[in-house]
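Everything below belongs to structure-v8.cif, which stores mmCIF, C-alpha atoms and all ligand atoms.
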```cif
data_start
#
loop_
_atom_site.group_PDB
_atom_site.id
_atom_site.type_symbol
_atom_site.label_atom_id
_atom_site.label_comp_id
_atom_site.auth_asym_id
_atom_site.auth_seq_id
_atom_site.Cartn_x
_atom_site.Cartn_y
_atom_site.Cartn_z
ATOM 1 C CA MET A 1 58.629 38.879 122.801
ATOM 2 C CA LEU A 2 58.684 42.504 121.746
ATOM 3 C CA ARG A 3 62.367 42.703 122.502
ATOM 4 C CA GLN A 4 63.035 39.686 120.265
ATOM 5 C CA LYS A 5 61.118 41.256 117.395
ATOM 6 C CA THR A 6 63.136 44.416 117.726
ATOM 7 C CA TYR A 7 66.328 42.411 117.681
ATOM 8 C CA LEU A 8 65.303 40.631 114.460
ATOM 9 C CA LEU A 9 64.465 43.919 112.780
ATOM 10 C CA GLY A 10 67.834 45.178 113.902
ATOM 11 C CA ALA A 11 69.552 42.197 112.335
ATOM 12 C CA VAL A 12 67.741 42.728 109.032
ATOM 13 C CA GLY A 13 68.623 46.395 109.103
ATOM 14 C CA MET A 14 72.234 45.573 109.777
ATOM 15 C CA ALA A 15 72.342 43.106 106.893
ATOM 16 C CA ALA A 16 70.886 45.718 104.561
ATOM 17 C CA LEU A 17 73.410 48.232 105.800
ATOM 18 C CA LEU A 18 76.278 45.822 105.208
ATOM 19 C CA ALA A 19 74.984 45.039 101.741
ATOM 20 C CA ALA A 20 74.768 48.727 100.937
ATOM 21 C CA ALA A 21 78.145 49.644 102.376
ATOM 22 C CA LEU A 22 81.261 49.591 100.272
ATOM 23 C CA PRO A 23 82.853 46.194 100.927
ATOM 24 C CA ARG A 24 86.176 47.783 101.685
ATOM 25 C CA LEU A 25 84.654 49.448 104.761
ATOM 26 C CA THR A 26 84.351 46.134 106.591
ATOM 27 C CA ALA A 27 86.906 43.489 107.413
ATOM 28 C CA ALA A 28 84.702 40.784 105.896
ATOM 29 C CA GLY A 29 84.121 42.867 102.795
ATOM 30 C CA GLU A 30 87.812 43.464 102.408
ATOM 31 C CA THR A 31 88.400 39.729 102.161
ATOM 32 C CA ALA A 32 85.630 39.389 99.601
ATOM 33 C CA VAL A 33 87.024 42.195 97.484
ATOM 34 C CA LYS A 34 90.511 40.722 97.625
ATOM 35 C CA ALA A 35 89.178 37.336 96.529
ATOM 36 C CA ALA A 36 87.319 38.918 93.622
ATOM 37 C CA ALA A 37 89.907 41.596 92.927
ATOM 38 C CA SER A 38 90.635 42.153 89.301
ATOM 39 C CA THR A 39 91.401 45.041 87.058
ATOM 40 C CA ALA A 40 90.231 46.282 83.695
ATOM 41 C CA THR A 41 91.306 49.135 81.491
ATOM 42 C CA VAL A 42 89.486 51.612 79.290
ATOM 43 C CA GLN A 43 91.703 53.299 76.733
ATOM 44 C CA ILE A 44 91.035 56.852 75.626
ATOM 45 C CA ASP A 45 92.206 57.689 72.155
ATOM 46 C CA ASN A 46 90.849 59.732 69.256
ATOM 47 C CA PHE A 47 88.142 61.126 71.550
ATOM 48 C CA THR A 48 86.784 57.604 72.043
ATOM 49 C CA PHE A 49 86.534 55.224 74.993
ATOM 50 C CA THR A 50 87.590 51.661 74.151
ATOM 51 C CA PRO A 51 85.702 49.528 74.947
ATOM 52 C CA ALA A 52 82.698 51.836 74.955
ATOM 53 C CA THR A 53 80.877 49.369 77.196
ATOM 54 C CA LEU A 54 82.989 47.471 79.705
ATOM 55 C CA THR A 55 81.452 44.657 81.758
ATOM 56 C CA VAL A 56 83.210 43.725 84.998
ATOM 57 C CA ALA A 57 82.506 41.844 88.221
ATOM 58 C CA ALA A 58 81.816 43.807 91.387
ATOM 59 C CA GLY A 59 85.054 44.691 93.116
ATOM 60 C CA THR A 60 86.925 45.343 89.894
ATOM 61 C CA ALA A 61 89.212 48.354 89.700
ATOM 62 C CA VAL A 62 88.703 50.047 86.349
ATOM 63 C CA THR A 63 91.518 52.235 85.060
ATOM 64 C CA TRP A 64 91.054 54.817 82.328
ATOM 65 C CA LYS A 65 94.245 55.619 80.483
ATOM 66 C CA ASN A 66 94.467 58.683 78.306
ATOM 67 C CA GLU A 67 96.441 57.858 75.192
ATOM 68 C CA ASP A 68 95.076 60.856 73.355
ATOM 69 C CA ASP A 69 96.851 64.122 72.598
ATOM 70 C CA SER A 70 93.973 65.997 74.222
ATOM 71 C CA PRO A 71 93.140 66.133 77.932
ATOM 72 C CA HIS A 72 90.052 64.246 79.063
ATOM 73 C CA ARG A 73 88.168 64.094 82.327
ATOM 74 C CA ILE A 74 86.028 61.116 83.393
ATOM 75 C CA GLY A 75 82.765 61.661 85.206
ATOM 76 C CA ASP A 76 79.470 59.846 85.673
ATOM 77 C CA LYS A 77 76.021 61.385 85.848
ATOM 78 C CA ASP A 78 75.474 60.661 89.543
ATOM 79 C CA GLY A 79 78.866 61.855 90.687
ATOM 80 C CA THR A 80 79.851 58.367 91.821
ATOM 81 C CA PHE A 81 83.271 58.864 90.309
ATOM 82 C CA LYS A 82 85.131 61.645 88.579
ATOM 83 C CA SER A 83 88.694 62.218 87.646
ATOM 84 C CA ALA A 84 90.846 65.270 87.391
ATOM 85 C CA ALA A 85 91.747 66.341 83.878
ATOM 86 C CA LEU A 86 93.923 63.590 82.457
ATOM 87 C CA ASP A 87 96.772 64.676 80.255
ATOM 88 C CA THR A 88 98.384 62.338 77.770
ATOM 89 C CA ASP A 89 99.488 59.110 79.508
ATOM 90 C CA ASP A 90 97.688 60.018 82.734
ATOM 91 C CA SER A 91 95.322 57.455 84.220
ATOM 92 C CA PHE A 92 92.455 57.325 86.693
ATOM 93 C CA SER A 93 91.114 54.328 88.607
ATOM 94 C CA HIS A 94 87.815 53.629 90.320
ATOM 95 C CA THR A 95 86.794 50.404 92.059
ATOM 96 C CA PHE A 96 83.215 49.387 91.341
ATOM 97 C CA ALA A 97 82.017 47.682 94.513
ATOM 98 C CA MET A 98 78.299 47.706 93.753
ATOM 99 C CA PRO A 99 76.594 46.011 90.807
ATOM 100 C CA GLY A 100 74.849 48.368 88.433
ATOM 101 C CA VAL A 101 75.167 50.275 85.190
ATOM 102 C CA TYR A 102 77.368 53.334 85.288
ATOM 103 C CA PRO A 103 77.175 55.556 82.213
ATOM 104 C CA TYR A 104 79.894 58.184 82.068
ATOM 105 C CA ILE A 105 81.188 60.890 79.805
ATOM 106 C CA CYS A 106 84.225 63.030 79.307
ATOM 107 C CA THR A 107 83.149 66.172 81.121
ATOM 108 C CA ILE A 108 85.359 68.251 78.816
ATOM 109 C CA HIS A 109 83.879 66.667 75.670
ATOM 110 C CA PRO A 110 80.380 65.505 76.727
ATOM 111 C CA TYR A 111 79.773 63.786 73.395
ATOM 112 C CA MET A 112 82.347 61.207 74.482
ATOM 113 C CA ALA A 113 80.296 58.555 76.255
ATOM 114 C CA GLY A 114 81.001 55.163 77.755
ATOM 115 C CA LYS A 115 79.431 52.739 80.172
ATOM 116 C CA ILE A 116 80.629 50.397 82.903
ATOM 117 C CA VAL A 117 78.344 47.426 83.602
ATOM 118 C CA VAL A 118 79.066 45.880 86.997
ATOM 119 C CA LYS A 119 77.771 42.358 87.552
ATOM 120 C CA PRO A 120 77.388 40.862 91.012
ATOM 121 C CA ALA A 121 80.351 38.809 92.155
ATOM 122 C CA ALA A 122 79.590 35.061 91.939
ATOM 123 C CA LYS A 123 79.191 34.799 95.716
ATOM 124 C CA THR A 124 76.308 37.284 95.824
ATOM 125 C CA SER A 125 74.242 35.738 93.004
ATOM 126 C CA SER A 126 71.485 34.822 95.502
ATOM 127 C CA ASN A 127 70.809 38.503 96.117
HETATM 128 CU CU CU B 201 87.547 64.540 76.549
#
```
Represent the structure contained in this file as structure tokens.
Ligand SMILES: [Cu+2]
Amino acid sequence: MLRQKTYLLGAVGMAALLAAALPRLTAAGETAVKAAASTATVQIDNFTFTPATLTVAAGTAVTWKNEDDSPHRIGDKDGTFKSAALDTDDSFSHTFAMPGVYPYICTIHPYMAGKIVVKPAAKTSSN
């Protein structure tokens, strides 16, 4: 009886762990990401991110492309993602596996601000 209870707790813990892990770390997650894989682009020009707010599905690879004459460097508050300094025509990509709101700035010009809104993939809407 006790052993069974422990096993159930273990299963719940494992499920939580899988949910928290980046999908690409597991074989099953890799399939899910491939199925949902898409890309989106944020353009940087005139010291502005376009679109300023980009909404994507979980698993989307977002690419920032610097089309400005000035270097820019992407970074979010929590350090989830950050780029090197991007010169003109350089780009930086980050795949957003977990739903959430990710505000970011240009760490060279902190007044430049943007936001990535990551919605759950359709499959995980019951979560
Ligand atoms: Cu900048």
### Task
Throw together the list of residues within 6 Å of ligand CU 201 (chain B), counting all atoms listed in the file, and drop it here as JSON, numbers by chain.
{"A": [71, 72, 73, 106, 108, 109]}
### Message
Since I can't run it myself right now, could you work out what the PyMOL selection byres (((chain A and resi 58) around 6) and not hetatm) selects here and report it as a PyMOL selection string?
### Response
chain A and resi 57+59-60+96-99+118-121
### Task
Grab the atom CA of A:Thr53 to atom CA of A:Gly114 distance for me, in Å with one decimal place.
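Those two atoms sit 5.8 Å apart.
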### Task
Could you state which residues are captured by the PyMOL selection byres (((chain A and resi 62) around 10) and not hetatm) in this file, as a ChimeraX atom specification?
/A:38-42,54,56,59-61,63-65,92-96,116
### Query
How many Å separate atom CA of A:Asp89 from atom CA of A:Asn66?
5.2 Å
### Query
Could you state the separation of atom CA of A:Ser83 and atom CA of A:Ala37 in Å, given to one decimal place?
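According to the coordinates, atom CA of A:Ser83 and atom CA of A:Ala37 are separated by 21.3 Å.
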### Message
I'd like the residues picked by the PyMOL selection byres (((chain A and resi 47-49) around 8) and not hetatm) written out as a list in words, using the chain letters and numbers from the file.
### Response
Val42, Gln43, Ile44, Asp45, Asn46, Thr50, Pro51, Ala52, Asp68, Met112, Ala113 and Gly114 of chain A
C-alpha atoms of the current selection, written as a PDB file, in the frame of the given file:
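Result went into out_20.pdb, see below:
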```pdb
ATOM      1  CA  VAL A  42      89.486  51.612  79.290  1.00  0.00           C
ATOM      2  CA  GLN A  43      91.703  53.299  76.733  1.00  0.00           C
ATOM      3  CA  ILE A  44      91.035  56.852  75.626  1.00  0.00           C
ATOM      4  CA  ASP A  45      92.206  57.689  72.155  1.00  0.00           C
ATOM      5  CA  ASN A  46      90.849  59.732  69.256  1.00  0.00           C
ATOM      6  CA  THR A  50      87.590  51.661  74.151  1.00  0.00           C
ATOM      7  CA  PRO A  51      85.702  49.528  74.947  1.00  0.00           C
ATOM      8  CA  ALA A  52      82.698  51.836  74.955  1.00  0.00           C
ATOM      9  CA  ASP A  68      95.076  60.856  73.355  1.00  0.00           C
ATOM     10  CA  MET A 112      82.347  61.207  74.482  1.00  0.00           C
ATOM     11  CA  ALA A 113      80.296  58.555  76.255  1.00  0.00           C
ATOM     12  CA  GLY A 114      81.001  55.163  77.755  1.00  0.00           C
TER      13      GLY A 114
END
```
### Message
List the spatial neighbours of A:Ile74 as a list in words - criterion: any atom at most 8 Å away, only C-alpha atoms, same-chain residues fewer than 3 positions off excluded.
### Response
Phe81, Lys82, Ser83, Ala84, Ala85, Tyr104, Ile105, Cys106 and Thr107 of chain A
What are the centre and edge lengths in Å, to one decimal, of the axis-aligned box around all listed atoms of stretch 94-109 of chain A with 8 Å added on each side, as JSON?
```
{"center_x": 81.3, "center_y": 57.1, "center_z": 85.1, "size_x": 29.0, "size_y": 38.2, "size_z": 34.8}
```
Could you pull stretch 77-88 of chain A out of the structure just shown and give N, CA and C atoms as a CSV table (one decimal), in the first residue's frame?
```
chain,number,residue,atom,x,y,z
A,77,LYS,N,14.9,40.1,-19.2
A,77,LYS,CA,15.1,40.4,-17.7
A,77,LYS,C,15.6,39.2,-17.0
A,78,ASP,N,15.1,38.0,-17.2
A,78,ASP,CA,15.4,36.8,-16.4
A,78,ASP,C,16.6,36.1,-17.0
A,79,GLY,N,17.2,36.6,-18.0
A,79,GLY,CA,18.4,35.9,-18.6
A,79,GLY,C,18.0,34.6,-19.3
A,80,THR,N,16.7,34.5,-19.7
A,80,THR,CA,16.3,33.3,-20.4
A,80,THR,C,17.0,33.2,-21.8
A,81,PHE,N,17.2,34.4,-22.4
A,81,PHE,CA,17.9,34.4,-23.7
A,81,PHE,C,18.6,35.7,-23.8
A,82,LYS,N,19.8,35.6,-24.4
A,82,LYS,CA,20.5,36.9,-24.7
A,82,LYS,C,21.4,36.6,-25.9
A,83,SER,N,21.6,37.6,-26.7
A,83,SER,CA,22.4,37.5,-27.9
A,83,SER,C,23.7,38.2,-27.7
A,84,ALA,N,24.6,37.9,-28.6
A,84,ALA,CA,25.8,38.7,-28.7
A,84,ALA,C,25.4,40.0,-29.3
A,85,ALA,N,26.3,41.0,-29.4
A,85,ALA,CA,26.0,42.2,-30.1
A,85,ALA,C,25.8,41.9,-31.6
A,86,LEU,N,24.7,42.3,-32.1
A,86,LEU,CA,24.3,42.0,-33.5
A,86,LEU,C,24.7,43.3,-34.4
A,87,ASP,N,25.6,43.0,-35.3
A,87,ASP,CA,25.9,44.1,-36.3
A,87,ASP,C,24.8,44.1,-37.3
A,88,THR,N,24.9,45.1,-38.2
A,88,THR,CA,23.9,45.2,-39.3
A,88,THR,C,23.9,43.8,-40.1
```
